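Coordinates from model-v2.pdb are shown below (PDB, C-alpha atoms, pLDDT in the B column).
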```
ATOM      1  CA  MET A   1       8.247  12.628  14.671  1.00 91.00           C
ATOM      2  CA  LYS A   2       9.974  10.611  17.385  1.00 93.00           C
ATOM      3  CA  ILE A   3      12.758   8.251  16.320  1.00 95.00           C
ATOM      4  CA  LEU A   4      14.718   5.642  18.284  1.00 93.00           C
ATOM      5  CA  VAL A   5      18.099   4.770  16.756  1.00 93.00           C
ATOM      6  CA  VAL A   6      19.942   1.696  17.987  1.00 91.00           C
ATOM      7  CA  GLU A   7      23.418   1.891  16.453  1.00 90.00           C
ATOM      8  CA  ASP A   8      26.818   1.041  17.953  1.00 87.00           C
ATOM      9  CA  SER A   9      28.955   3.044  15.509  1.00 89.00           C
ATOM     10  CA  PRO A  10      29.667   6.573  16.787  1.00 92.00           C
ATOM     11  CA  SER A  11      30.225   7.880  13.256  1.00 92.00           C
ATOM     12  CA  ILE A  12      26.911   6.493  11.954  1.00 92.00           C
ATOM     13  CA  ARG A  13      25.074   7.852  15.022  1.00 93.00           C
ATOM     14  CA  THR A  14      26.642  11.274  14.402  1.00 94.00           C
ATOM     15  CA  VAL A  15      25.442  11.289  10.785  1.00 94.00           C
ATOM     16  CA  ILE A  16      21.952  10.170  11.785  1.00 95.00           C
ATOM     17  CA  LYS A  17      21.791  12.743  14.588  1.00 95.00           C
ATOM     18  CA  TYR A  18      22.784  15.507  12.166  1.00 95.00           C
ATOM     19  CA  ILE A  19      20.099  14.505   9.651  1.00 94.00           C
ATOM     20  CA  VAL A  20      17.368  14.008  12.257  1.00 94.00           C
ATOM     21  CA  GLU A  21      18.069  17.334  13.974  1.00 93.00           C
ATOM     22  CA  ASN A  22      18.219  19.105  10.598  1.00 93.00           C
ATOM     23  CA  GLU A  23      14.777  17.705   9.750  1.00 91.00           C
ATOM     24  CA  GLY A  24      13.389  18.806  13.124  1.00 93.00           C
ATOM     25  CA  TRP A  25      12.625  15.291  14.356  1.00 93.00           C
ATOM     26  CA  ASP A  26      13.123  14.064  17.947  1.00 94.00           C
ATOM     27  CA  LEU A  27      15.895  11.500  18.452  1.00 95.00           C
ATOM     28  CA  THR A  28      16.593   8.976  21.179  1.00 94.00           C
ATOM     29  CA  GLU A  29      19.863   7.094  20.773  1.00 93.00           C
ATOM     30  CA  ALA A  30      20.955   3.711  22.107  1.00 89.00           C
ATOM     31  CA  VAL A  31      24.451   2.309  21.624  1.00 87.00           C
ATOM     32  CA  SER A  32      23.703  -1.299  22.493  1.00 80.00           C
ATOM     33  CA  HIS A  33      20.936  -3.848  22.832  1.00 75.00           C
ATOM     34  CA  GLU A  34      21.159  -3.421  26.601  1.00 80.00           C
ATOM     35  CA  GLU A  35      20.829   0.352  26.357  1.00 83.00           C
ATOM     36  CA  ALA A  36      17.910   0.007  23.952  1.00 80.00           C
ATOM     37  CA  SER A  37      16.125  -2.252  26.424  1.00 80.00           C
ATOM     38  CA  THR A  38      16.059   0.628  28.923  1.00 83.00           C
ATOM     39  CA  VAL A  39      13.670   2.535  26.651  1.00 84.00           C
ATOM     40  CA  PHE A  40      11.480  -0.426  25.706  1.00 79.00           C
ATOM     41  CA  ASP A  41       8.872   0.710  28.226  1.00 78.00           C
ATOM     42  CA  ARG A  42       8.559   3.900  26.132  1.00 83.00           C
ATOM     43  CA  ALA A  43       8.515   2.025  22.809  1.00 80.00           C
ATOM     44  CA  LYS A  44       5.005   3.072  21.869  1.00 81.00           C
ATOM     45  CA  GLU A  45       6.151   6.729  21.916  1.00 86.00           C
ATOM     46  CA  PHE A  46       8.342   6.182  18.868  1.00 90.00           C
ATOM     47  CA  ASP A  47       7.008   6.644  15.357  1.00 93.00           C
ATOM     48  CA  LEU A  48      10.072   4.964  13.892  1.00 93.00           C
ATOM     49  CA  VAL A  49      12.781   2.617  15.176  1.00 93.00           C
ATOM     50  CA  ILE A  50      16.041   2.404  13.236  1.00 93.00           C
ATOM     51  CA  VAL A  51      18.339  -0.488  14.138  1.00 90.00           C
ATOM     52  CA  ASP A  52      21.790  -1.553  13.083  1.00 88.00           C
ATOM     53  CA  HIS A  53      22.336  -5.173  12.234  1.00 82.00           C
ATOM     54  CA  GLY A  54      25.552  -7.023  11.809  1.00 71.00           C
ATOM     55  CA  SER A  55      27.876  -5.839  14.523  1.00 62.00           C
ATOM     56  CA  GLN A  56      29.268  -8.101  17.236  1.00 61.00           C
ATOM     57  CA  LYS A  57      27.620  -6.028  19.966  1.00 64.00           C
ATOM     58  CA  LEU A  58      24.233  -5.512  18.385  1.00 63.00           C
ATOM     59  CA  ASP A  59      21.650  -7.688  16.683  1.00 78.00           C
ATOM     60  CA  GLY A  60      19.128  -5.258  15.275  1.00 82.00           C
ATOM     61  CA  LEU A  61      16.662  -7.970  14.351  1.00 83.00           C
ATOM     62  CA  GLU A  62      16.646  -9.193  17.946  1.00 84.00           C
ATOM     63  CA  VAL A  63      15.924  -5.635  19.106  1.00 85.00           C
ATOM     64  CA  LEU A  64      12.956  -5.536  16.709  1.00 87.00           C
ATOM     65  CA  ARG A  65      11.725  -8.940  17.918  1.00 87.00           C
ATOM     66  CA  GLN A  66      11.818  -7.774  21.520  1.00 86.00           C
ATOM     67  CA  LEU A  67      10.031  -4.534  20.681  1.00 85.00           C
ATOM     68  CA  GLN A  68       7.318  -6.451  18.855  1.00 85.00           C
ATOM     69  CA  ASN A  69       6.974  -8.829  21.819  1.00 86.00           C
ATOM     70  CA  ILE A  70       6.074  -5.887  24.058  1.00 85.00           C
ATOM     71  CA  GLY A  71       3.581  -4.465  21.594  1.00 84.00           C
ATOM     72  CA  TYR A  72       5.524  -2.036  19.387  1.00 85.00           C
ATOM     73  CA  GLN A  73       3.612  -1.736  16.115  1.00 84.00           C
ATOM     74  CA  GLY A  74       5.367   1.272  14.629  1.00 86.00           C
ATOM     75  CA  LYS A  75       7.610   1.545  11.624  1.00 91.00           C
ATOM     76  CA  SER A  76      11.164   0.201  11.486  1.00 91.00           C
ATOM     77  CA  ILE A  77      14.252   0.504   9.316  1.00 92.00           C
ATOM     78  CA  VAL A  78      17.253  -1.825   9.370  1.00 90.00           C
ATOM     79  CA  ILE A  79      20.726  -0.464   8.619  1.00 90.00           C
ATOM     80  CA  SER A  80      23.264  -3.071   7.569  1.00 85.00           C
ATOM     81  CA  LEU A  81      26.243  -4.015   5.456  1.00 81.00           C
ATOM     82  CA  ASP A  82      24.669  -7.450   5.037  1.00 72.00           C
ATOM     83  CA  ASP A  83      22.800  -7.804   1.775  1.00 69.00           C
ATOM     84  CA  ARG A  84      22.460 -11.584   1.683  1.00 69.00           C
ATOM     85  CA  GLU A  85      19.040 -12.651   0.489  1.00 72.00           C
ATOM     86  CA  ARG A  86      18.485 -14.938   3.497  1.00 74.00           C
ATOM     87  CA  PHE A  87      19.068 -12.069   5.920  1.00 73.00           C
ATOM     88  CA  ILE A  88      16.860  -9.678   3.961  1.00 74.00           C
ATOM     89  CA  GLU A  89      14.036 -12.246   3.943  1.00 77.00           C
ATOM     90  CA  GLU A  90      14.401 -12.699   7.719  1.00 78.00           C
ATOM     91  CA  ALA A  91      14.173  -8.928   8.195  1.00 77.00           C
ATOM     92  CA  LYS A  92      11.148  -8.684   5.913  1.00 78.00           C
ATOM     93  CA  GLY A  93       9.541 -11.460   7.958  1.00 79.00           C
ATOM     94  CA  LEU A  94       9.648  -9.091  10.922  1.00 81.00           C
ATOM     95  CA  GLY A  95       7.658  -6.554   8.927  1.00 81.00           C
ATOM     96  CA  ILE A  96      10.371  -3.942   8.531  1.00 84.00           C
ATOM     97  CA  SER A  97       9.336  -0.758   6.776  1.00 86.00           C
ATOM     98  CA  GLY A  98      12.651   0.024   5.150  1.00 85.00           C
ATOM     99  CA  TRP A  99      16.243  -0.946   4.559  1.00 84.00           C
ATOM    100  CA  LEU A 100      19.441   1.115   4.395  1.00 88.00           C
ATOM    101  CA  HIS A 101      22.656  -0.390   3.121  1.00 87.00           C
ATOM    102  CA  LYS A 102      25.851   1.079   4.590  1.00 87.00           C
ATOM    103  CA  PRO A 103      27.327   3.407   3.603  1.00 88.00           C
ATOM    104  CA  PHE A 104      24.422   5.725   2.885  1.00 91.00           C
ATOM    105  CA  THR A 105      24.006   9.384   2.043  1.00 92.00           C
ATOM    106  CA  ASN A 106      21.811  11.922   3.823  1.00 92.00           C
ATOM    107  CA  GLU A 107      19.409  11.744   0.889  1.00 92.00           C
ATOM    108  CA  HIS A 108      19.229   7.933   1.060  1.00 93.00           C
ATOM    109  CA  PHE A 109      18.480   8.165   4.769  1.00 94.00           C
ATOM    110  CA  CYS A 110      15.671  10.700   4.272  1.00 92.00           C
ATOM    111  CA  ARG A 111      14.214   8.677   1.410  1.00 92.00           C
ATOM    112  CA  ALA A 112      14.213   5.531   3.575  1.00 92.00           C
ATOM    113  CA  VAL A 113      12.405   7.426   6.339  1.00 93.00           C
ATOM    114  CA  ASP A 114      10.011   8.917   3.790  1.00 90.00           C
ATOM    115  CA  HIS A 115       9.262   5.471   2.379  1.00 89.00           C
ATOM    116  CA  ALA A 116       8.893   3.880   5.817  1.00 91.00           C
ATOM    117  CA  MET A 117       6.544   6.526   7.107  1.00 89.00           C
ATOM    118  CA  GLY A 118       4.546   6.767   3.902  1.00 86.00           C
ATOM    119  CA  GLU A 119       4.697  10.556   3.958  1.00 50.00           C
ATOM    120  CA  ALA A 120       6.546  13.225   2.019  1.00 36.00           C
ATOM    121  CA  LEU A 121       8.974  14.050   4.811  1.00 42.00           C
ATOM    122  CA  LEU A 122      12.049  14.789   2.719  1.00 39.00           C
ATOM    123  CA  GLY A 123      12.905  18.429   3.260  1.00 39.00           C
ATOM    124  CA  LYS A 124      10.022  19.157   5.612  1.00 41.00           C
ATOM    125  CA  LYS A 125      10.315  20.361   9.167  1.00 40.00           C
ATOM    126  CA  THR A 126       7.965  18.231  11.259  1.00 40.00           C
ATOM    127  CA  ALA A 127       7.579  17.632  14.965  1.00 38.00           C
TER     128      ALA A 127
END
```
The structure in this file should be written as C-alpha cells.
Amino acid sequence: MKILVVEDSPSIRTVIKYIVENEGWDLTEAVSHEEASTVFDRAKEFDLVIVDHGSQKLDGLEVLRQLQNIGYQGKSIVISLDDRERFIEEAKGLGISGWLHKPFTNEHFCRAVDHAMGEALLGKKTA
C-alpha cells in the first residue's frame, strides 16, 4: 500500500514512519502544503493520503481539496487536535475515510488505516 503523509510535526512524522515501515507499507512524506503540491502529479499512485489539520503552516483540508480537484479519488485520513463539530462536518463533507485525534497510539493509527481502507490490515505485512 502506498501512503502520502502531509504532516509538519517531526515527532508525528517519525511515529507514522515507524508504524508504516513496520507494517511494510510505502511512505511518501511532505512537511508542508507546498511540498505536498510537488507530488500532486503522482496523487493517483497513493492508496491513502493522511493529512494534518490545524497547524499554522498546514491546512490539511485544503490539501485534500486540491487533490480532489486534480482527480484524486483514494482514501484519506485527517489528523487533528481540533474536535469541534463544525470542523468535523467540514472534513466529512470532503469525503474523508477516517479521523485521528492527536495524540494517538500505534494501534489507533493502524485501526484508522484499517477502517479507511476497509481491509483487515492491522498486523499484516502488505505491499
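Across A:Leu48, A:Ile12, A:Ile77, A:Ala116, the tightest approach to Gly60 in chain A is made by A:Ile77 when counting all atoms listed in the file.
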Please provide as a compact mmCIF listing (two decimals) with C-alpha atoms, keeping the file's coordinate frame all residues within 12 Å of range 22-35 of chain A, with the sequence filter that same-chain residues fewer than 4 positions apart are discarded (counting only C-alpha atoms).
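This went into selection14.txt:
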```txt
# COMPACT_ATOMS: atom_id res chain seq x y z
CA MET A 1 8.25 12.63 14.67
CA LYS A 2 9.97 10.61 17.39
CA ILE A 3 12.76 8.25 16.32
CA LEU A 4 14.72 5.64 18.28
CA VAL A 5 18.10 4.77 16.76
CA VAL A 6 19.94 1.70 17.99
CA GLU A 7 23.42 1.89 16.45
CA ASP A 8 26.82 1.04 17.95
CA SER A 9 28.96 3.04 15.51
CA PRO A 10 29.67 6.57 16.79
CA SER A 11 30.22 7.88 13.26
CA ILE A 12 26.91 6.49 11.95
CA ARG A 13 25.07 7.85 15.02
CA THR A 14 26.64 11.27 14.40
CA VAL A 15 25.44 11.29 10.78
CA ILE A 16 21.95 10.17 11.78
CA LYS A 17 21.79 12.74 14.59
CA TYR A 18 22.78 15.51 12.17
CA VAL A 39 13.67 2.54 26.65
CA PHE A 40 11.48 -0.43 25.71
CA ARG A 42 8.56 3.90 26.13
CA ALA A 43 8.52 2.02 22.81
CA GLU A 45 6.15 6.73 21.92
CA PHE A 46 8.34 6.18 18.87
CA ASP A 47 7.01 6.64 15.36
CA LEU A 48 10.07 4.96 13.89
CA VAL A 49 12.78 2.62 15.18
CA ILE A 50 16.04 2.40 13.24
CA VAL A 51 18.34 -0.49 14.14
CA ASP A 52 21.79 -1.55 13.08
CA HIS A 53 22.34 -5.17 12.23
CA SER A 55 27.88 -5.84 14.52
CA GLN A 56 29.27 -8.10 17.24
CA LYS A 57 27.62 -6.03 19.97
CA LEU A 58 24.23 -5.51 18.39
CA ASP A 59 21.65 -7.69 16.68
CA GLY A 60 19.13 -5.26 15.28
CA LEU A 61 16.66 -7.97 14.35
CA GLU A 62 16.65 -9.19 17.95
CA VAL A 63 15.92 -5.64 19.11
CA LEU A 64 12.96 -5.54 16.71
CA ARG A 65 11.72 -8.94 17.92
CA GLN A 66 11.82 -7.77 21.52
CA LEU A 67 10.03 -4.53 20.68
CA ASN A 106 21.81 11.92 3.82
CA GLU A 107 19.41 11.74 0.89
CA PHE A 109 18.48 8.16 4.77
CA CYS A 110 15.67 10.70 4.27
CA VAL A 113 12.40 7.43 6.34
CA ASP A 114 10.01 8.92 3.79
CA LEU A 121 8.97 14.05 4.81
CA LEU A 122 12.05 14.79 2.72
CA GLY A 123 12.90 18.43 3.26
CA LYS A 124 10.02 19.16 5.61
CA LYS A 125 10.32 20.36 9.17
CA THR A 126 7.96 18.23 11.26
CA ALA A 127 7.58 17.63 14.96
```
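Taking CA of Arg86 in chain A as the reference point, CA of Ala112 in chain A is found at 20.9 Å.
Take CA of Asp82 in chain A and CA of Pro103 in chain A: the distance between them is 11.3 Å.
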field: Option closest in space to Gly118 in chain A, from A:Asn69, A:Thr38, A:Ser97, A:Thr105 [counting all atoms listed in the file]
entry: A:Ser97
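The gap separating CA of Gly98 in chain A from CA of Gln68 in chain A is 16.1 Å, in Å to one decimal.
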Please enumerate the residues selected by the PyMOL selection byres ((chain A and resi 80) around 7) when evaluated against the supplied file, formatted as a PDB file with C-alpha atoms, keeping the file's coordinate frame.
```pdb
ATOM      1  CA  ASP A  52      21.790  -1.553  13.083  1.00 88.00           C
ATOM      2  CA  HIS A  53      22.336  -5.173  12.234  1.00 82.00           C
ATOM      3  CA  GLY A  54      25.552  -7.023  11.809  1.00 71.00           C
ATOM      4  CA  VAL A  78      17.253  -1.825   9.370  1.00 90.00           C
ATOM      5  CA  ILE A  79      20.726  -0.464   8.619  1.00 90.00           C
ATOM      6  CA  LEU A  81      26.243  -4.015   5.456  1.00 81.00           C
ATOM      7  CA  ASP A  82      24.669  -7.450   5.037  1.00 72.00           C
ATOM      8  CA  LEU A 100      19.441   1.115   4.395  1.00 88.00           C
ATOM      9  CA  HIS A 101      22.656  -0.390   3.121  1.00 87.00           C
ATOM     10  CA  LYS A 102      25.851   1.079   4.590  1.00 87.00           C
TER      11      LYS A 102
END
```
